[in-house]
Amino acid sequence: MDNAFSLGPTATERLNRARADLRIGLPVVLQGGCLAVAVETLSPARLDALRALGPLTLALTARRAETLKARVYDGDLARIAVPAEADLAWLRALADPADDLRMPMKGPLLSVRDGDAGFARAALALAKSAQLLPAALLAPLPAPLPDGLTTLNAAEALAAIAAETALAPVAAARVPMRAAEQGRLHIFRPDDGGEEHYAIEIGSPARDKPVLARLHSACFTGDVLGSLKCDCGPQLDAALSQMGHEGAGILLYLNQEGRGIGLANKMRAYSLQDQGFDTVEANHRLGFEDDERDFRIGAALLRKLGFSQVRLLTNNPAKVAMLEANGIRVTERVPLKVGLSRHNAAYLATKAAKSGHIL
């Protein structure tokens, strides 16, 4: 293999570069199609430069378009023709629902129905995977292309984002904990440049028997701050305590904050909840699905640690189904009913009614 070629970025590495570019406001090149930039991080100067290239299109998810009463012709997304006089404030008002109740009328919005929606779909998937608001501005490709911009093939990017993440063990060490002195922390790093995930092993669980296990999604507000708006902190403590009491267990701490939308978007959702929307409605108004997490990561970590059977600590049947679908046998669902308070009663009721949690 040519050395110069082998030293260059792979498709996965270019995808990670593109995420980083979007987070700092740089556009990325979608090969043969357009420039794409995240509305959340777009600057006025860069908007002016993009406008000079020709007509602009705003890509929004169907969830966000539904809130805005914009027509959806492409199934999972809407492409909105950006008026010539539209400024950054107009774009951000369509991307961010923070002021929807104060300023509900943002139209009329003209949806584009002709042409290939694949570039818009790739741009939205990139924004989501960068944990930005799912709203992307699309502009015609300039000639020549500016130096230094990351170039992606839209179809390849979509496939890479949808693919199961490959994880590699990085380090492991003994960590005595309040719940159990015989604890060990394993660190796993994804090959796509995403956040690391952790496995907390209690005792020395047998690999040939069902292990008491929990897939716990990171919750900074609940796990660290002791927030009463959710039951995450009490669930984490109770799971580790039960594993300590039984003398063995495995807790996977997955860095998928806010059901996979990231802490900033989770705080946006909290703000919307303060306006009267429930947790699912808030996610939809932001342009996300009910749950954006990838639980295949949990199954992959269990396999890497040598486990094929679990007694799963969860109230969420979707986790059971996901593990079973990915080769991990769930011999028992162990309920984990803790943390109910007056602050989160409505939140837990919504999880039961709309997300199927057994509470």
# chains A, B, ... in the order shown; residues from 1 in each chain; ligands from 1
$ closest_atom_pairs --of "range 31-118 of chain A" --to "range 10-26 of chain A" --cutoff "9 Å" --atoms "only C-alpha atoms" --output "tab-separated table"
residue	atom	partner	partner_atom	distance
A:Ala36	CA	A:Leu22	CA	8.6
A:Val37	CA	A:Leu22	CA	6.1
A:Ala38	CA	A:Leu22	CA	5.7
A:Val39	CA	A:Gly25	CA	8.2
A:Glu40	CA	A:Gly25	CA	8.0
A:Thr41	CA	A:Gly25	CA	4.6
A:Leu42	CA	A:Gly25	CA	5.0
A:Ser43	CA	A:Gly25	CA	7.0
A:Arg46	CA	A:Gly25	CA	8.4
$ residues_around --residues "range 293-305 of chain A" --least-positions-apart "5" --cutoff "8 Å" --atoms "only C-alpha atoms" --output "list in words"
Glu164, Thr165, Leu167, Ala199, Leu215, Leu252, Leu254, Gln256, Arg259, Gly260, Ile261, Lys319, Met322, Leu323, Asn326, Gly327 and Ile328 of chain A
$ write_last_selection --atoms "N, CA, C and O atoms" --output "CSV table (one decimal), in the first residue's frame"
chain,number,residue,atom,x,y,z
A,164,GLU,N,-22.7,-0.1,13.6
A,164,GLU,CA,-22.3,-0.4,15.0
A,164,GLU,C,-20.9,0.1,15.3
A,164,GLU,O,-20.0,-0.2,14.5
A,165,THR,N,-20.7,0.8,16.4
A,165,THR,CA,-19.4,1.3,16.8
A,165,THR,C,-18.5,0.2,17.2
A,165,THR,O,-18.9,-0.6,18.1
A,167,LEU,N,-15.4,-0.9,19.4
A,167,LEU,CA,-14.9,-0.5,20.7
A,167,LEU,C,-13.6,-1.3,21.0
A,167,LEU,O,-13.6,-2.5,20.8
A,199,ALA,N,-17.1,0.1,31.9
A,199,ALA,CA,-17.7,-1.0,32.5
A,199,ALA,C,-17.1,-1.2,34.0
A,199,ALA,O,-15.9,-1.2,34.2
A,215,LEU,N,-27.3,-1.6,32.2
A,215,LEU,CA,-26.9,-0.6,31.2
A,215,LEU,C,-27.4,0.7,31.7
A,215,LEU,O,-28.6,1.0,31.7
A,252,LEU,N,-22.6,-1.2,33.1
A,252,LEU,CA,-22.0,-0.5,31.9
A,252,LEU,C,-22.5,1.0,32.0
A,252,LEU,O,-23.7,1.2,32.0
A,254,LEU,N,-22.7,4.1,30.0
A,254,LEU,CA,-22.6,4.5,28.6
A,254,LEU,C,-22.8,6.0,28.5
A,254,LEU,O,-23.7,6.6,29.0
A,256,GLN,N,-24.1,8.4,26.9
A,256,GLN,CA,-25.2,8.7,26.0
A,256,GLN,C,-26.2,9.6,26.8
A,256,GLN,O,-27.3,9.3,27.0
A,259,ARG,N,-30.6,10.6,26.9
A,259,ARG,CA,-31.1,9.7,25.9
A,259,ARG,C,-30.4,9.8,24.5
A,259,ARG,O,-31.0,9.7,23.5
A,260,GLY,N,-29.2,10.2,24.6
A,260,GLY,CA,-28.3,10.2,23.4
A,260,GLY,C,-28.3,11.6,22.7
A,260,GLY,O,-27.7,11.7,21.6
A,261,ILE,N,-28.9,12.6,23.3
A,261,ILE,CA,-28.9,14.0,22.6
A,261,ILE,C,-27.8,14.9,23.2
A,261,ILE,O,-27.6,16.0,22.6
A,319,LYS,N,-34.5,-2.4,26.4
A,319,LYS,CA,-33.2,-2.8,26.6
A,319,LYS,C,-33.1,-4.3,26.6
A,319,LYS,O,-32.1,-4.9,26.0
A,322,MET,N,-33.3,-5.3,22.9
A,322,MET,CA,-32.0,-4.9,22.2
A,322,MET,C,-30.9,-5.9,22.5
A,322,MET,O,-30.2,-6.4,21.6
A,323,LEU,N,-30.8,-6.3,23.7
A,323,LEU,CA,-29.7,-7.3,24.1
A,323,LEU,C,-30.0,-8.6,23.4
A,323,LEU,O,-29.1,-9.3,22.9
A,326,ASN,N,-29.1,-8.7,19.9
A,326,ASN,CA,-27.7,-8.6,19.6
A,326,ASN,C,-26.9,-9.7,20.3
A,326,ASN,O,-25.7,-9.5,20.6
A,327,GLY,N,-27.5,-10.8,20.5
A,327,GLY,CA,-26.8,-12.0,20.9
A,327,GLY,C,-26.5,-12.2,22.4
A,327,GLY,O,-25.8,-13.1,22.8
A,328,ILE,N,-27.1,-11.3,23.3
A,328,ILE,CA,-27.0,-11.5,24.7
A,328,ILE,C,-28.3,-12.0,25.3
A,328,ILE,O,-29.4,-11.4,25.1
$ closest_residue --among "A:His284, A:Arg184, A:His197, A:Lys209" --to "Asn255 in chain A" --atoms "only C-alpha atoms"
A:His197
$ closest_residue --among "A:Ala325, A:Val280, A:Gly32, A:Ala349" --to "Ala143 in chain A" --atoms "only C-alpha atoms"
A:Gly32
$ residues_around --residues "range 235-249 of chain A" --least-positions-apart "3" --cutoff "7 Å" --atoms "only C-alpha atoms" --output "list in words"
Ala179, Ala180, Glu201, Ile202, Gly203, Ser204, Pro205, Val211, Leu212, Ala213, Asp231, Cys232, Leu336 and Val338 of chain A
$ write_last_selection --atoms "N, CA, C and O atoms" --output "PDB file, in the first residue's frame"
ATOM      1  N   ALA A 179     -20.011   0.753  47.406  1.00  0.00           N
ATOM      2  CA  ALA A 179     -20.914  -0.374  47.172  1.00  0.00           C
ATOM      3  C   ALA A 179     -20.196  -1.710  47.269  1.00  0.00           C
ATOM      4  O   ALA A 179     -20.809  -2.718  47.626  1.00  0.00           O
ATOM      5  N   ALA A 180     -18.914  -1.724  46.934  1.00  0.00           N
ATOM      6  CA  ALA A 180     -18.157  -2.973  46.955  1.00  0.00           C
ATOM      7  C   ALA A 180     -16.668  -2.670  46.895  1.00  0.00           C
ATOM      8  O   ALA A 180     -16.215  -1.950  46.011  1.00  0.00           O
ATOM      9  N   GLU A 201     -16.961  -3.519  37.018  1.00  0.00           N
ATOM     10  CA  GLU A 201     -17.090  -4.937  37.375  1.00  0.00           C
ATOM     11  C   GLU A 201     -17.011  -5.086  38.889  1.00  0.00           C
ATOM     12  O   GLU A 201     -16.057  -4.633  39.526  1.00  0.00           O
ATOM     13  N   ILE A 202     -18.038  -5.686  39.453  1.00  0.00           N
ATOM     14  CA  ILE A 202     -18.089  -5.919  40.892  1.00  0.00           C
ATOM     15  C   ILE A 202     -17.762  -7.383  41.160  1.00  0.00           C
ATOM     16  O   ILE A 202     -18.375  -8.297  40.581  1.00  0.00           O
ATOM     17  N   GLY A 203     -16.788  -7.636  42.044  1.00  0.00           N
ATOM     18  CA  GLY A 203     -16.389  -8.990  42.359  1.00  0.00           C
ATOM     19  C   GLY A 203     -15.743  -9.666  41.164  1.00  0.00           C
ATOM     20  O   GLY A 203     -15.107  -9.023  40.331  1.00  0.00           O
ATOM     21  N   SER A 204     -15.939 -10.982  41.085  1.00  0.00           N
ATOM     22  CA  SER A 204     -15.394 -11.761  39.967  1.00  0.00           C
ATOM     23  C   SER A 204     -16.517 -12.606  39.365  1.00  0.00           C
ATOM     24  O   SER A 204     -16.584 -13.829  39.575  1.00  0.00           O
ATOM     25  N   PRO A 205     -17.423 -11.962  38.646  1.00  0.00           N
ATOM     26  CA  PRO A 205     -18.570 -12.697  38.117  1.00  0.00           C
ATOM     27  C   PRO A 205     -18.154 -13.778  37.125  1.00  0.00           C
ATOM     28  O   PRO A 205     -17.281 -13.556  36.286  1.00  0.00           O
ATOM     29  N   VAL A 211     -25.014 -12.994  34.538  1.00  0.00           N
ATOM     30  CA  VAL A 211     -24.465 -12.014  35.462  1.00  0.00           C
ATOM     31  C   VAL A 211     -25.504 -10.927  35.717  1.00  0.00           C
ATOM     32  O   VAL A 211     -26.247 -10.531  34.810  1.00  0.00           O
ATOM     33  N   LEU A 212     -25.581 -10.457  36.955  1.00  0.00           N
ATOM     34  CA  LEU A 212     -26.435  -9.318  37.263  1.00  0.00           C
ATOM     35  C   LEU A 212     -25.831  -8.094  36.572  1.00  0.00           C
ATOM     36  O   LEU A 212     -24.671  -7.742  36.823  1.00  0.00           O
ATOM     37  N   ALA A 213     -26.589  -7.468  35.682  1.00  0.00           N
ATOM     38  CA  ALA A 213     -26.024  -6.405  34.845  1.00  0.00           C
ATOM     39  C   ALA A 213     -26.994  -5.237  34.740  1.00  0.00           C
ATOM     40  O   ALA A 213     -28.213  -5.403  34.860  1.00  0.00           O
ATOM     41  N   ASP A 231     -34.802   9.749  37.925  1.00  0.00           N
ATOM     42  CA  ASP A 231     -34.487   8.700  38.897  1.00  0.00           C
ATOM     43  C   ASP A 231     -33.128   8.066  38.641  1.00  0.00           C
ATOM     44  O   ASP A 231     -32.811   7.000  39.177  1.00  0.00           O
ATOM     45  N   CYS A 232     -32.299   8.730  37.819  1.00  0.00           N
ATOM     46  CA  CYS A 232     -31.034   8.128  37.381  1.00  0.00           C
ATOM     47  C   CYS A 232     -30.042   7.918  38.520  1.00  0.00           C
ATOM     48  O   CYS A 232     -29.430   6.847  38.633  1.00  0.00           O
ATOM     49  N   LEU A 336     -36.052  -2.262  38.911  1.00  0.00           N
ATOM     50  CA  LEU A 336     -35.215  -1.288  39.629  1.00  0.00           C
ATOM     51  C   LEU A 336     -36.074  -0.059  39.894  1.00  0.00           C
ATOM     52  O   LEU A 336     -35.978   0.951  39.198  1.00  0.00           O
ATOM     53  N   VAL A 338     -36.780   2.763  42.093  1.00  0.00           N
ATOM     54  CA  VAL A 338     -36.291   3.657  43.152  1.00  0.00           C
ATOM     55  C   VAL A 338     -36.375   5.088  42.645  1.00  0.00           C
ATOM     56  O   VAL A 338     -36.514   5.341  41.452  1.00  0.00           O
TER      57      VAL A 338
END
$ decode --residues "range 81-102 of chain A" --atoms "N, CA, C and O atoms" --output "PDB file, in the first residue's frame"
ATOM      1  N   ALA A  81     -37.004  26.205   1.877  1.00  0.00           N
ATOM      2  CA  ALA A  81     -36.341  27.235   1.068  1.00  0.00           C
ATOM      3  C   ALA A  81     -36.125  28.462   1.938  1.00  0.00           C
ATOM      4  O   ALA A  81     -37.068  28.986   2.547  1.00  0.00           O
ATOM      5  N   VAL A  82     -34.886  28.919   2.026  1.00  0.00           N
ATOM      6  CA  VAL A  82     -34.554  30.068   2.876  1.00  0.00           C
ATOM      7  C   VAL A  82     -34.783  31.356   2.093  1.00  0.00           C
ATOM      8  O   VAL A  82     -34.169  31.556   1.034  1.00  0.00           O
ATOM      9  N   PRO A  83     -35.659  32.248   2.584  1.00  0.00           N
ATOM     10  CA  PRO A  83     -35.886  33.516   1.881  1.00  0.00           C
ATOM     11  C   PRO A  83     -34.600  34.328   1.779  1.00  0.00           C
ATOM     12  O   PRO A  83     -33.725  34.250   2.655  1.00  0.00           O
ATOM     13  N   ALA A  84     -34.490  35.116   0.747  1.00  0.00           N
ATOM     14  CA  ALA A  84     -33.277  35.900   0.504  1.00  0.00           C
ATOM     15  C   ALA A  84     -32.980  36.852   1.659  1.00  0.00           C
ATOM     16  O   ALA A  84     -31.817  37.147   1.953  1.00  0.00           O
ATOM     17  N   GLU A  85     -34.042  37.359   2.307  1.00  0.00           N
ATOM     18  CA  GLU A  85     -33.841  38.334   3.379  1.00  0.00           C
ATOM     19  C   GLU A  85     -33.674  37.696   4.760  1.00  0.00           C
ATOM     20  O   GLU A  85     -33.464  38.394   5.763  1.00  0.00           O
ATOM     21  N   ALA A  86     -33.732  36.376   4.842  1.00  0.00           N
ATOM     22  CA  ALA A  86     -33.663  35.705   6.144  1.00  0.00           C
ATOM     23  C   ALA A  86     -32.288  35.893   6.780  1.00  0.00           C
ATOM     24  O   ALA A  86     -31.258  35.748   6.121  1.00  0.00           O
ATOM     25  N   ASP A  87     -32.290  36.222   8.062  1.00  0.00           N
ATOM     26  CA  ASP A  87     -31.024  36.405   8.772  1.00  0.00           C
ATOM     27  C   ASP A  87     -30.789  35.235   9.717  1.00  0.00           C
ATOM     28  O   ASP A  87     -31.574  34.276   9.775  1.00  0.00           O
ATOM     29  N   LEU A  88     -29.702  35.318  10.482  1.00  0.00           N
ATOM     30  CA  LEU A  88     -29.335  34.219  11.369  1.00  0.00           C
ATOM     31  C   LEU A  88     -30.376  34.032  12.468  1.00  0.00           C
ATOM     32  O   LEU A  88     -30.661  32.897  12.872  1.00  0.00           O
ATOM     33  N   ALA A  89     -30.974  35.116  12.936  1.00  0.00           N
ATOM     34  CA  ALA A  89     -32.004  35.014  13.974  1.00  0.00           C
ATOM     35  C   ALA A  89     -33.196  34.194  13.472  1.00  0.00           C
ATOM     36  O   ALA A  89     -33.771  33.386  14.214  1.00  0.00           O
ATOM     37  N   TRP A  90     -33.549  34.379  12.199  1.00  0.00           N
ATOM     38  CA  TRP A  90     -34.661  33.617  11.613  1.00  0.00           C
ATOM     39  C   TRP A  90     -34.311  32.135  11.559  1.00  0.00           C
ATOM     40  O   TRP A  90     -35.121  31.276  11.918  1.00  0.00           O
ATOM     41  N   LEU A  91     -33.100  31.815  11.133  1.00  0.00           N
ATOM     42  CA  LEU A  91     -32.671  30.425  11.052  1.00  0.00           C
ATOM     43  C   LEU A  91     -32.651  29.766  12.428  1.00  0.00           C
ATOM     44  O   LEU A  91     -33.123  28.637  12.603  1.00  0.00           O
ATOM     45  N   ARG A  92     -32.138  30.477  13.396  1.00  0.00           N
ATOM     46  CA  ARG A  92     -32.034  29.899  14.736  1.00  0.00           C
ATOM     47  C   ARG A  92     -33.404  29.750  15.386  1.00  0.00           C
ATOM     48  O   ARG A  92     -33.621  28.836  16.185  1.00  0.00           O
ATOM     49  N   ALA A  93     -34.332  30.626  15.055  1.00  0.00           N
ATOM     50  CA  ALA A  93     -35.689  30.490  15.584  1.00  0.00           C
ATOM     51  C   ALA A  93     -36.364  29.228  15.051  1.00  0.00           C
ATOM     52  O   ALA A  93     -37.184  28.615  15.743  1.00  0.00           O
ATOM     53  N   LEU A  94     -36.019  28.834  13.815  1.00  0.00           N
ATOM     54  CA  LEU A  94     -36.563  27.596  13.274  1.00  0.00           C
ATOM     55  C   LEU A  94     -35.857  26.379  13.864  1.00  0.00           C
ATOM     56  O   LEU A  94     -36.467  25.324  14.024  1.00  0.00           O
ATOM     57  N   ALA A  95     -34.582  26.532  14.188  1.00  0.00           N
ATOM     58  CA  ALA A  95     -33.806  25.405  14.714  1.00  0.00           C
ATOM     59  C   ALA A  95     -34.076  25.139  16.183  1.00  0.00           C
ATOM     60  O   ALA A  95     -34.102  23.984  16.622  1.00  0.00           O
ATOM     61  N   ASP A  96     -34.283  26.205  16.958  1.00  0.00           N
ATOM     62  CA  ASP A  96     -34.366  26.096  18.419  1.00  0.00           C
ATOM     63  C   ASP A  96     -35.775  26.470  18.884  1.00  0.00           C
ATOM     64  O   ASP A  96     -36.240  27.578  18.634  1.00  0.00           O
ATOM     65  N   PRO A  97     -36.463  25.565  19.579  1.00  0.00           N
ATOM     66  CA  PRO A  97     -37.848  25.834  19.993  1.00  0.00           C
ATOM     67  C   PRO A  97     -37.990  26.682  21.253  1.00  0.00           C
ATOM     68  O   PRO A  97     -39.108  26.837  21.766  1.00  0.00           O
ATOM     69  N   ALA A  98     -36.897  27.239  21.760  1.00  0.00           N
ATOM     70  CA  ALA A  98     -36.950  27.941  23.042  1.00  0.00           C
ATOM     71  C   ALA A  98     -38.035  29.014  23.077  1.00  0.00           C
ATOM     72  O   ALA A  98     -38.700  29.206  24.103  1.00  0.00           O
ATOM     73  N   ASP A  99     -38.237  29.725  21.966  1.00  0.00           N
ATOM     74  CA  ASP A  99     -39.202  30.826  21.936  1.00  0.00           C
ATOM     75  C   ASP A  99     -40.455  30.507  21.131  1.00  0.00           C
ATOM     76  O   ASP A  99     -41.189  31.400  20.725  1.00  0.00           O
ATOM     77  N   ASP A 100     -40.714  29.221  20.906  1.00  0.00           N
ATOM     78  CA  ASP A 100     -41.882  28.845  20.105  1.00  0.00           C
ATOM     79  C   ASP A 100     -43.188  29.384  20.686  1.00  0.00           C
ATOM     80  O   ASP A 100     -44.062  29.850  19.944  1.00  0.00           O
ATOM     81  N   LEU A 101     -43.341  29.300  22.000  1.00  0.00           N
ATOM     82  CA  LEU A 101     -44.601  29.733  22.604  1.00  0.00           C
ATOM     83  C   LEU A 101     -44.748  31.249  22.556  1.00  0.00           C
ATOM     84  O   LEU A 101     -45.850  31.766  22.392  1.00  0.00           O
ATOM     85  N   ARG A 102     -43.628  31.953  22.680  1.00  0.00           N
ATOM     86  CA  ARG A 102     -43.683  33.421  22.638  1.00  0.00           C
ATOM     87  C   ARG A 102     -43.867  33.918  21.208  1.00  0.00           C
ATOM     88  O   ARG A 102     -44.543  34.930  20.988  1.00  0.00           O
TER      89      ARG A 102
END
